[in-house]
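Novice: Next up, data.pdb (PDB, C-alpha atoms, pLDDT in the B column).
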```pdb
ATOM      1  CA  ILE A  21       0.000   0.000   0.000  1.00 76.00           C
ATOM      2  CA  ARG A  22       2.746   2.470   0.865  1.00 78.00           C
ATOM      3  CA  ASN A  23       4.706   1.993  -2.389  1.00 89.00           C
ATOM      4  CA  ILE A  24       2.381   4.138  -4.486  1.00 94.00           C
ATOM      5  CA  PRO A  25       3.400   4.553  -8.153  1.00 93.00           C
ATOM      6  CA  GLU A  26       4.233   8.170  -8.906  1.00 94.00           C
ATOM      7  CA  ARG A  27       1.631   8.358 -11.689  1.00 95.00           C
ATOM      8  CA  ASN A  28      -1.099   7.434  -9.184  1.00 96.00           C
ATOM      9  CA  GLN A  29      -0.234   9.913  -6.430  1.00 97.00           C
ATOM     10  CA  ILE A  30      -3.022  12.187  -5.198  1.00 98.00           C
ATOM     11  CA  THR A  31      -1.844  15.807  -5.461  1.00 98.00           C
ATOM     12  CA  ARG A  32      -0.664  17.421  -2.229  1.00 98.00           C
ATOM     13  CA  LEU A  33      -1.161  21.164  -1.693  1.00 98.00           C
ATOM     14  CA  LYS A  34      -0.509  23.396   1.298  1.00 98.00           C
ATOM     15  CA  ASP A  35      -3.786  25.281   0.890  1.00 98.00           C
ATOM     16  CA  LEU A  36      -6.104  26.759  -1.742  1.00 98.00           C
ATOM     17  CA  SER A  37      -8.074  29.961  -2.084  1.00 97.00           C
ATOM     18  CA  PRO A  38     -11.811  29.704  -2.830  1.00 97.00           C
ATOM     19  CA  GLU A  39     -11.068  31.072  -6.301  1.00 97.00           C
ATOM     20  CA  GLU A  40      -8.388  28.447  -7.022  1.00 98.00           C
ATOM     21  CA  PHE A  41     -10.697  25.691  -5.807  1.00 98.00           C
ATOM     22  CA  GLN A  42     -13.583  26.822  -8.010  1.00 96.00           C
ATOM     23  CA  GLN A  43     -11.404  27.290 -11.071  1.00 97.00           C
ATOM     24  CA  SER A  44      -9.393  24.067 -10.997  1.00 97.00           C
ATOM     25  CA  TRP A  45     -10.165  21.630  -8.205  1.00 97.00           C
ATOM     26  CA  THR A  46     -13.907  21.052  -7.649  1.00 96.00           C
ATOM     27  CA  ASN A  47     -13.832  17.739  -9.558  1.00 96.00           C
ATOM     28  CA  ARG A  48     -10.365  16.546  -8.502  1.00 97.00           C
ATOM     29  CA  PRO A  49      -9.232  14.826  -5.299  1.00 98.00           C
ATOM     30  CA  PHE A  50      -6.366  16.490  -3.441  1.00 98.00           C
ATOM     31  CA  PHE A  51      -4.739  16.658  -0.023  1.00 98.00           C
ATOM     32  CA  LEU A  52      -4.362  19.905   1.915  1.00 98.00           C
ATOM     33  CA  THR A  53      -1.517  19.779   4.406  1.00 98.00           C
ATOM     34  CA  GLU A  54      -1.953  22.975   6.456  1.00 98.00           C
ATOM     35  CA  PRO A  55      -5.538  24.074   7.388  1.00 97.00           C
ATOM     36  CA  VAL A  56      -6.298  21.228   9.834  1.00 98.00           C
ATOM     37  CA  LYS A  57      -3.195  22.046  11.862  1.00 98.00           C
ATOM     38  CA  GLN A  58      -4.931  25.234  13.063  1.00 97.00           C
ATOM     39  CA  TRP A  59      -7.874  23.361  14.589  1.00 98.00           C
ATOM     40  CA  PRO A  60      -8.090  23.009  18.394  1.00 98.00           C
ATOM     41  CA  VAL A  61      -9.232  19.389  17.988  1.00 98.00           C
ATOM     42  CA  TYR A  62      -6.030  18.595  16.076  1.00 98.00           C
ATOM     43  CA  LYS A  63      -3.936  20.114  18.827  1.00 97.00           C
ATOM     44  CA  HIS A  64      -5.750  18.506  21.757  1.00 97.00           C
ATOM     45  CA  TRP A  65      -7.564  15.304  20.759  1.00 98.00           C
ATOM     46  CA  SER A  66      -6.093  11.839  21.271  1.00 98.00           C
ATOM     47  CA  THR A  67      -7.624   8.493  22.105  1.00 98.00           C
ATOM     48  CA  GLU A  68      -6.707   9.032  25.748  1.00 98.00           C
ATOM     49  CA  SER A  69      -8.067  12.585  25.976  1.00 98.00           C
ATOM     50  CA  LEU A  70     -11.333  11.595  24.295  1.00 98.00           C
ATOM     51  CA  VAL A  71     -11.878   8.680  26.677  1.00 98.00           C
ATOM     52  CA  GLU A  72     -11.132  10.939  29.643  1.00 98.00           C
ATOM     53  CA  ALA A  73     -13.634  13.572  28.514  1.00 98.00           C
ATOM     54  CA  TYR A  74     -16.284  11.457  26.765  1.00 98.00           C
ATOM     55  CA  GLY A  75     -15.742   7.878  27.964  1.00 98.00           C
ATOM     56  CA  ASP A  76     -19.378   7.426  29.033  1.00 98.00           C
ATOM     57  CA  VAL A  77     -20.889   9.035  25.911  1.00 98.00           C
ATOM     58  CA  VAL A  78     -22.525   6.503  23.590  1.00 98.00           C
ATOM     59  CA  PHE A  79     -21.427   6.505  19.939  1.00 98.00           C
ATOM     60  CA  ARG A  80     -22.470   4.417  16.941  1.00 98.00           C
ATOM     61  CA  ALA A  81     -19.965   1.814  15.694  1.00 97.00           C
ATOM     62  CA  GLU A  82     -21.644   0.248  12.660  1.00 96.00           C
ATOM     63  CA  ALA A  83     -24.442  -1.924  14.113  1.00 93.00           C
ATOM     64  CA  VAL A  84     -23.759  -1.287  17.810  1.00 97.00           C
ATOM     65  CA  ASP A  85     -24.070   1.670  20.186  1.00 98.00           C
ATOM     66  CA  TRP A  86     -21.288   1.646  22.758  1.00 98.00           C
ATOM     67  CA  PRO A  87     -19.851   4.061  25.311  1.00 98.00           C
ATOM     68  CA  LEU A  88     -16.618   5.417  23.897  1.00 98.00           C
ATOM     69  CA  ARG A  89     -14.660   3.681  26.658  1.00 98.00           C
ATOM     70  CA  THR A  90     -16.067   0.299  25.568  1.00 98.00           C
ATOM     71  CA  TYR A  91     -15.304   0.936  21.900  1.00 98.00           C
ATOM     72  CA  VAL A  92     -11.706   1.993  22.617  1.00 98.00           C
ATOM     73  CA  GLU A  93     -11.159  -1.137  24.720  1.00 98.00           C
ATOM     74  CA  TYR A  94     -12.448  -3.224  21.787  1.00 98.00           C
ATOM     75  CA  MET A  95     -10.366  -1.228  19.307  1.00 97.00           C
ATOM     76  CA  GLN A  96      -7.154  -1.747  21.237  1.00 97.00           C
ATOM     77  CA  ASN A  97      -7.642  -5.487  21.759  1.00 97.00           C
ATOM     78  CA  ASN A  98      -9.403  -6.841  18.661  1.00 96.00           C
ATOM     79  CA  SER A  99      -7.855  -9.082  16.024  1.00 95.00           C
ATOM     80  CA  ASP A 100     -10.794  -8.944  13.594  1.00 95.00           C
ATOM     81  CA  GLU A 101     -10.149  -8.996   9.858  1.00 92.00           C
ATOM     82  CA  SER A 102     -12.741  -6.206   9.491  1.00 93.00           C
ATOM     83  CA  PRO A 103     -12.909  -4.359  12.817  1.00 97.00           C
ATOM     84  CA  LEU A 104     -15.982  -2.385  13.819  1.00 97.00           C
ATOM     85  CA  TYR A 105     -15.655   1.241  12.738  1.00 96.00           C
ATOM     86  CA  LEU A 106     -16.943   4.089  14.918  1.00 98.00           C
ATOM     87  CA  PHE A 107     -18.846   6.363  12.535  1.00 97.00           C
ATOM     88  CA  ASP A 108     -21.101   8.764  14.462  1.00 98.00           C
ATOM     89  CA  ARG A 109     -23.202  11.463  12.828  1.00 97.00           C
ATOM     90  CA  SER A 110     -24.321  13.202  16.043  1.00 97.00           C
ATOM     91  CA  PHE A 111     -20.946  13.760  17.701  1.00 98.00           C
ATOM     92  CA  VAL A 112     -21.160  17.571  17.584  1.00 98.00           C
ATOM     93  CA  SER A 113     -24.255  17.633  19.797  1.00 97.00           C
ATOM     94  CA  LYS A 114     -23.147  14.662  21.943  1.00 98.00           C
ATOM     95  CA  MET A 115     -19.819  16.323  22.688  1.00 98.00           C
ATOM     96  CA  ASN A 116     -21.276  19.850  22.880  1.00 98.00           C
ATOM     97  CA  LEU A 117     -18.853  21.181  20.281  1.00 98.00           C
ATOM     98  CA  GLN A 118     -18.851  24.541  18.532  1.00 97.00           C
ATOM     99  CA  VAL A 119     -18.199  24.404  14.783  1.00 97.00           C
ATOM    100  CA  GLY A 120     -17.065  27.554  13.011  1.00 95.00           C
ATOM    101  CA  THR A 121     -14.147  29.915  12.759  1.00 94.00           C
ATOM    102  CA  PRO A 122     -12.977  31.883  15.808  1.00 94.00           C
ATOM    103  CA  GLU A 123     -14.660  34.905  14.253  1.00 94.00           C
ATOM    104  CA  GLU A 124     -18.004  33.061  14.018  1.00 94.00           C
ATOM    105  CA  VAL A 125     -18.347  31.156  17.300  1.00 95.00           C
ATOM    106  CA  PRO A 126     -16.738  31.226  20.749  1.00 94.00           C
ATOM    107  CA  ASP A 127     -14.281  28.432  21.526  1.00 95.00           C
ATOM    108  CA  PRO A 128     -14.630  26.543  18.227  1.00 97.00           C
ATOM    109  CA  ALA A 129     -13.537  22.908  17.918  1.00 98.00           C
ATOM    110  CA  TYR A 130     -12.880  23.068  14.151  1.00 98.00           C
ATOM    111  CA  TRP A 131     -14.094  24.731  10.969  1.00 97.00           C
ATOM    112  CA  PRO A 132     -14.263  23.747   7.293  1.00 96.00           C
ATOM    113  CA  PRO A 133     -11.305  24.979   5.239  1.00 97.00           C
ATOM    114  CA  ALA A 134     -12.169  28.301   3.631  1.00 96.00           C
ATOM    115  CA  CYS A 135     -11.362  27.096   0.118  1.00 97.00           C
ATOM    116  CA  PHE A 136     -14.515  24.963  -0.061  1.00 95.00           C
ATOM    117  CA  GLY A 137     -16.698  28.061   0.113  1.00 91.00           C
ATOM    118  CA  GLU A 138     -20.381  28.167   0.963  1.00 86.00           C
ATOM    119  CA  ASP A 139     -22.171  25.003   2.069  1.00 86.00           C
ATOM    120  CA  LEU A 140     -25.188  25.013  -0.249  1.00 87.00           C
ATOM    121  CA  PHE A 141     -27.103  22.419   1.768  1.00 88.00           C
ATOM    122  CA  ALA A 142     -27.471  25.070   4.491  1.00 89.00           C
ATOM    123  CA  VAL A 143     -30.533  26.403   2.629  1.00 94.00           C
ATOM    124  CA  LEU A 144     -32.403  23.240   3.707  1.00 93.00           C
ATOM    125  CA  GLY A 145     -32.136  24.113   7.390  1.00 91.00           C
ATOM    126  CA  ASP A 146     -33.234  21.248   9.619  1.00 88.00           C
ATOM    127  CA  ASP A 147     -34.058  19.102   6.566  1.00 91.00           C
ATOM    128  CA  ARG A 148     -30.489  18.947   5.276  1.00 89.00           C
ATOM    129  CA  PRO A 149     -28.765  15.552   4.941  1.00 88.00           C
ATOM    130  CA  ASP A 150     -26.332  14.418   7.628  1.00 90.00           C
ATOM    131  CA  ARG A 151     -23.013  16.108   7.062  1.00 91.00           C
ATOM    132  CA  ARG A 152     -20.720  15.655  10.081  1.00 95.00           C
ATOM    133  CA  TRP A 153     -19.174  12.440  11.344  1.00 97.00           C
ATOM    134  CA  LEU A 154     -16.655  11.474  13.976  1.00 98.00           C
ATOM    135  CA  ILE A 155     -14.672   8.531  12.587  1.00 98.00           C
ATOM    136  CA  ILE A 156     -12.464   6.392  14.847  1.00 98.00           C
ATOM    137  CA  GLY A 157     -10.996   3.007  14.042  1.00 98.00           C
ATOM    138  CA  PRO A 158      -8.060   0.652  14.508  1.00 98.00           C
ATOM    139  CA  THR A 159      -5.650  -0.681  11.916  1.00 97.00           C
ATOM    140  CA  ARG A 160      -7.510  -2.620   9.191  1.00 96.00           C
ATOM    141  CA  SER A 161     -10.824  -0.830   9.713  1.00 97.00           C
ATOM    142  CA  GLY A 162     -12.268   1.244   6.922  1.00 96.00           C
ATOM    143  CA  SER A 163     -14.858   1.487   4.167  1.00 95.00           C
ATOM    144  CA  THR A 164     -15.161  -0.714   1.082  1.00 93.00           C
ATOM    145  CA  PHE A 165     -15.713   0.895  -2.328  1.00 92.00           C
ATOM    146  CA  HIS A 166     -18.621   3.314  -2.469  1.00 92.00           C
ATOM    147  CA  LYS A 167     -19.699   6.732  -3.728  1.00 91.00           C
ATOM    148  CA  ASP A 168     -20.902   9.317  -1.236  1.00 90.00           C
ATOM    149  CA  PRO A 169     -24.704   9.777  -1.140  1.00 85.00           C
ATOM    150  CA  ASN A 170     -26.853  12.555  -2.617  1.00 84.00           C
ATOM    151  CA  ALA A 171     -24.171  13.389  -5.228  1.00 86.00           C
ATOM    152  CA  THR A 172     -22.286  15.254  -2.498  1.00 91.00           C
ATOM    153  CA  SER A 173     -18.654  16.210  -2.361  1.00 94.00           C
ATOM    154  CA  ALA A 174     -16.893  15.757   0.965  1.00 96.00           C
ATOM    155  CA  TRP A 175     -13.727  16.324   2.924  1.00 97.00           C
ATOM    156  CA  ASN A 176     -12.110  13.973   5.434  1.00 98.00           C
ATOM    157  CA  ALA A 177      -9.621  15.342   7.966  1.00 98.00           C
ATOM    158  CA  VAL A 178      -7.246  13.061   9.892  1.00 98.00           C
ATOM    159  CA  LEU A 179      -6.405  14.175  13.427  1.00 98.00           C
ATOM    160  CA  ARG A 180      -4.447  11.070  14.507  1.00 98.00           C
ATOM    161  CA  GLY A 181      -3.163   8.081  12.571  1.00 98.00           C
ATOM    162  CA  ALA A 182      -3.046   7.505   8.810  1.00 98.00           C
ATOM    163  CA  LYS A 183      -5.587   6.525   6.151  1.00 98.00           C
ATOM    164  CA  TYR A 184      -4.902   4.938   2.786  1.00 98.00           C
ATOM    165  CA  TRP A 185      -7.258   6.073  -0.002  1.00 98.00           C
ATOM    166  CA  ILE A 186      -7.661   4.566  -3.463  1.00 98.00           C
ATOM    167  CA  MET A 187     -10.040   6.387  -5.803  1.00 98.00           C
ATOM    168  CA  PHE A 188     -11.540   6.199  -9.295  1.00 97.00           C
ATOM    169  CA  PRO A 189     -13.521   8.759 -11.292  1.00 95.00           C
ATOM    170  CA  SER A 190     -17.059   7.867 -12.247  1.00 82.00           C
ATOM    171  CA  SER A 191     -18.773   8.340 -15.602  1.00 79.00           C
ATOM    172  CA  ASP A 192     -21.059   6.488 -17.987  1.00 77.00           C
ATOM    173  CA  LYS A 193     -18.000   5.657 -20.106  1.00 82.00           C
ATOM    174  CA  LEU A 194     -15.920   4.078 -17.330  1.00 83.00           C
ATOM    175  CA  PRO A 195     -16.514   0.762 -15.559  1.00 86.00           C
ATOM    176  CA  PRO A 196     -16.501   0.605 -11.749  1.00 90.00           C
ATOM    177  CA  PRO A 197     -13.209  -0.272 -10.018  1.00 93.00           C
ATOM    178  CA  PRO A 198     -11.894  -3.821 -10.483  1.00 93.00           C
ATOM    179  CA  GLY A 199     -13.733  -6.265  -8.263  1.00 92.00           C
ATOM    180  CA  VAL A 200     -16.753  -3.961  -7.868  1.00 91.00           C
ATOM    181  CA  TYR A 201     -20.054  -4.803  -9.537  1.00 89.00           C
ATOM    182  CA  VAL A 202     -22.938  -2.371  -9.940  1.00 85.00           C
ATOM    183  CA  SER A 203     -26.544  -3.097 -10.892  1.00 81.00           C
ATOM    184  CA  ALA A 204     -27.974  -1.517 -14.052  1.00 77.00           C
ATOM    185  CA  ASP A 205     -29.742   1.238 -12.118  1.00 74.00           C
ATOM    186  CA  GLN A 206     -26.680   1.689  -9.841  1.00 68.00           C
ATOM    187  CA  SER A 207     -28.832   1.026  -6.762  1.00 70.00           C
ATOM    188  CA  GLU A 208     -26.749  -1.966  -5.643  1.00 76.00           C
ATOM    189  CA  VAL A 209     -22.967  -2.216  -5.279  1.00 80.00           C
ATOM    190  CA  THR A 210     -21.356  -5.606  -4.744  1.00 80.00           C
ATOM    191  CA  SER A 211     -17.700  -6.176  -3.885  1.00 77.00           C
ATOM    192  CA  PRO A 212     -15.666  -8.717  -1.894  1.00 68.00           C
ATOM    193  CA  LEU A 213     -16.722  -9.116   1.700  1.00 71.00           C
ATOM    194  CA  SER A 214     -13.761  -7.297   3.222  1.00 88.00           C
ATOM    195  CA  ILE A 215     -11.174  -4.667   2.431  1.00 94.00           C
ATOM    196  CA  ALA A 216      -8.438  -7.270   2.923  1.00 93.00           C
ATOM    197  CA  GLU A 217     -10.010  -9.545   0.298  1.00 93.00           C
ATOM    198  CA  TRP A 218     -10.146  -6.718  -2.219  1.00 94.00           C
ATOM    199  CA  LEU A 219      -6.534  -5.701  -1.556  1.00 94.00           C
ATOM    200  CA  LEU A 220      -5.320  -9.276  -1.971  1.00 93.00           C
ATOM    201  CA  GLY A 221      -7.356  -9.986  -5.073  1.00 94.00           C
ATOM    202  CA  PHE A 222      -7.664  -6.729  -6.992  1.00 94.00           C
ATOM    203  CA  HIS A 223      -5.189  -4.110  -5.724  1.00 96.00           C
ATOM    204  CA  ALA A 224      -2.464  -4.780  -8.291  1.00 95.00           C
ATOM    205  CA  GLU A 225      -4.965  -4.705 -11.149  1.00 95.00           C
ATOM    206  CA  ALA A 226      -6.558  -1.531  -9.814  1.00 95.00           C
ATOM    207  CA  ARG A 227      -3.212   0.263  -9.780  1.00 96.00           C
ATOM    208  CA  ARG A 228      -2.865  -0.430 -13.500  1.00 94.00           C
ATOM    209  CA  THR A 229      -6.394   0.758 -14.286  1.00 94.00           C
ATOM    210  CA  PRO A 230      -6.706   4.171 -16.008  1.00 92.00           C
ATOM    211  CA  GLY A 231      -7.955   6.861 -13.644  1.00 94.00           C
ATOM    212  CA  CYS A 232      -6.722   5.182 -10.462  1.00 96.00           C
ATOM    213  CA  ILE A 233      -5.269   7.548  -7.898  1.00 97.00           C
ATOM    214  CA  GLU A 234      -4.118   6.783  -4.349  1.00 98.00           C
ATOM    215  CA  GLY A 235      -2.522   8.373  -1.343  1.00 98.00           C
ATOM    216  CA  ILE A 236      -1.989   8.317   2.410  1.00 98.00           C
ATOM    217  CA  CYS A 237      -3.622  11.022   4.511  1.00 98.00           C
ATOM    218  CA  GLY A 238      -1.584  11.625   7.638  1.00 98.00           C
ATOM    219  CA  PRO A 239      -2.307  13.548  10.847  1.00 98.00           C
ATOM    220  CA  GLY A 240      -3.148  17.187  10.214  1.00 98.00           C
ATOM    221  CA  GLU A 241      -4.068  16.566   6.574  1.00 98.00           C
ATOM    222  CA  ILE A 242      -7.399  16.675   4.778  1.00 98.00           C
ATOM    223  CA  LEU A 243      -8.636  14.955   1.604  1.00 98.00           C
ATOM    224  CA  HIS A 244     -11.181  16.386  -0.828  1.00 98.00           C
ATOM    225  CA  VAL A 245     -13.566  13.732  -2.220  1.00 98.00           C
ATOM    226  CA  PRO A 246     -15.356  15.082  -5.309  1.00 96.00           C
ATOM    227  CA  SER A 247     -18.916  14.091  -6.092  1.00 94.00           C
ATOM    228  CA  GLY A 248     -19.275  10.727  -7.815  1.00 93.00           C
ATOM    229  CA  TRP A 249     -15.777   9.389  -7.172  1.00 96.00           C
ATOM    230  CA  TRP A 250     -15.436   5.769  -6.108  1.00 95.00           C
ATOM    231  CA  HIS A 251     -13.245   5.364  -3.031  1.00 96.00           C
ATOM    232  CA  LEU A 252     -11.998   2.702  -0.642  1.00 97.00           C
ATOM    233  CA  VAL A 253     -10.421   3.737   2.668  1.00 97.00           C
ATOM    234  CA  VAL A 254      -8.415   1.690   5.157  1.00 97.00           C
ATOM    235  CA  ASN A 255      -6.736   2.773   8.373  1.00 98.00           C
ATOM    236  CA  LEU A 256      -3.036   1.972   8.431  1.00 97.00           C
ATOM    237  CA  GLU A 257      -2.884   2.960  12.114  1.00 97.00           C
ATOM    238  CA  THR A 258      -5.392   3.695  14.844  1.00 97.00           C
ATOM    239  CA  SER A 259      -7.033   6.844  13.493  1.00 98.00           C
ATOM    240  CA  ILE A 260      -9.279   9.699  14.556  1.00 98.00           C
ATOM    241  CA  ALA A 261     -10.887  11.732  11.793  1.00 98.00           C
ATOM    242  CA  ILE A 262     -13.706  14.203  11.104  1.00 98.00           C
TER     243      ILE A 262
END
```
Show me this structure written as structure tokens.
Specialist:
Amino acid sequence: IRNIPERNQITRLKDLSPEEFQQSWTNRPFFLTEPVKQWPVYKHWSTESLVEAYGDVVFRAEAVDWPLRTYVEYMQNNSDESPLYLFDRSFVSKMNLQVGTPEEVPDPAYWPPACFGEDLFAVLGDDRPDRRWLIIGPTRSGSTFHKDPNATSAWNAVLRGAKYWIMFPSSDKLPPPPGVYVSADQSEVTSPLSIAEWLLGFHAEARRTPGCIEGICGPGEILHVPSGWWHLVVNLETSIAI
């Protein structure tokens, strides 16, 4: 995974202006290496500090709801091929966090990088789709190939650990990634049962497939996921992300 061919490398940038993003980058994945390092959560969060502050708070880890302390104990002691992945959409309210720049809110936890501009889903008010997740997982945990819902673009910021991403553009003229099968109406996606199976069976072929790009997002870095791009993500280390 770490020996990524140069032709496949996801572009790394320090930062972008909103104008640069709109002109050249809305439909292209990229890493930003600087904005996350300004966030208080990047400076202060760790597995230990989260358990100390929120150990009794219940979070969703796939099909189970566990206190954070219970999940971390599982995370640190499991040997599962596909470990349970904490993926909680209500963490901002559960943890009583403020989201916004220091100019917008008192004592903010984090804020979206300025380059991404206005969040258009804000016009929907309380009816908007879920948009914020706390993501914690051990080595080997992750997400098999998928596209994000509602044709949305996204960003994923790593606070601790490292995530490997492999991505493919999507269009009517391109097939899905190797080892991924999609129904005619694209309502069903079928792939091997685990990330490990896909890596063992299809990773080498995928790297040779036109359009494939890959990269490792480290602590303090953020990845832009454009609308419609296929992506698989696996944690190379115990990771905390937003």
Novice: Using all atoms listed in the file, pick whichever of A:Leu106, A:Leu220, A:Cys232, A:Ile156 has the shortest atom-to-atom distance to Pro195 in chain A.
Specialist: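 Answer, going by the shortest atom-to-atom distance: A:Cys232.
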Novice: Could you check how far CA of Leu256 in chain A sits from CA of Gly238 in chain A, in Å to one decimal?
Specialist: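 Between these atoms lies a distance of 9.8 Å.
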Novice: The PyMOL selection byres ((chain A and resi 71) around 10) on the file shown: which residues, as a count of residues only?
Specialist: 18
Novice: In Å, with one decimal, what is the gap from CA of Ala261 in chain A to CA of Leu179 in chain A?
Specialist: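 Rounded to one decimal, the two atoms are 5.4 Å apart.
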Novice: Using only C-alpha atoms for the distances, tell me which of A:Leu194, A:Ile30, A:Ile155, A:Ile24 is nearest to Arg180 in chain A.
Specialist: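 When distances to Arg180 in chain A are compared using only C-alpha atoms, the smallest one comes from A:Ile155.
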Novice: Quick one: apply the PyMOL selection byres ((chain A and resi 130-134) around 9) to the file and drop the selected residues here as a compact mmCIF listing (two decimals) with C-alpha atoms, in the frame of the given file.
Specialist:
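Result written to result23.txt:
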```txt
# COMPACT_ATOMS: atom_id res chain seq x y z
CA ASP A 35 -3.79 25.28 0.89
CA LEU A 36 -6.10 26.76 -1.74
CA SER A 37 -8.07 29.96 -2.08
CA PRO A 38 -11.81 29.70 -2.83
CA PRO A 55 -5.54 24.07 7.39
CA VAL A 56 -6.30 21.23 9.83
CA GLN A 58 -4.93 25.23 13.06
CA TRP A 59 -7.87 23.36 14.59
CA PRO A 60 -8.09 23.01 18.39
CA VAL A 61 -9.23 19.39 17.99
CA TYR A 62 -6.03 18.60 16.08
CA LEU A 117 -18.85 21.18 20.28
CA GLN A 118 -18.85 24.54 18.53
CA VAL A 119 -18.20 24.40 14.78
CA GLY A 120 -17.07 27.55 13.01
CA THR A 121 -14.15 29.92 12.76
CA PRO A 122 -12.98 31.88 15.81
CA PRO A 128 -14.63 26.54 18.23
CA ALA A 129 -13.54 22.91 17.92
CA CYS A 135 -11.36 27.10 0.12
CA PHE A 136 -14.52 24.96 -0.06
CA GLY A 137 -16.70 28.06 0.11
CA GLU A 138 -20.38 28.17 0.96
CA TRP A 175 -13.73 16.32 2.92
```
Novice: For CA of Gly231 in chain A and CA of Gln29 in chain A, quote the distance in Å rounded to one decimal.
Specialist: 11.0 Å
Novice: Which of these residues is nearest to Arg228 in chain A, using only C-alpha atoms: A:Phe188, A:Glu93, A:Leu243, A:Ala177?
Specialist: A:Phe188
Novice: Given the choices A:Asn176, A:Asn28, A:Ser214, A:Thr164, which gets closest to Pro197 in chain A if the distance is worked out from all atoms listed in the file?
Specialist: A:Thr164
Novice: Which residue is closest to Arg80 in chain A? Choose from A:Arg32, A:Lys63, A:Lys57, A:Lys114 and count all atoms listed in the file.
Specialist: A:Lys114
Novice: The PyMOL selection byres ((chain A and resi 171) around 12) on the file shown: which residues, as number ranges by chain?
Specialist: A: 141, 149, 166-170, 172-174, 190, 245-250
Novice: Restricting the calculation to all atoms listed in the file: of A:Asn47, A:Thr229, A:Ser161, A:Thr53, which residue gets closest to Ser102 in chain A?
Specialist: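 The shortest atom-to-atom distance to Ser102 in chain A comes from A:Ser161.
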Novice: Box for range 111-123 of chain A: with edges along x, y and z, all listed atoms inside and 8 Å added on each side, what are the centre and edge lengths in Å to one decimal, as AutoDock Vina command-line options?
Specialist:
```
--center_x -18.6 --center_y 24.3 --center_z 17.8 --size_x 27.3 --size_y 37.1 --size_z 26.1
```
Novice: Neighbouring residues of Phe107 in chain A were defined as those with any atom within 12 Å, considering all atoms listed in the file; residues of the same chain fewer than 3 positions away were excluded. Please report them as a VMD selection string.
Specialist: chain A and resid 78 to 86 88 91 104 110 to 111 151 to 157 161 to 163 259 to 262
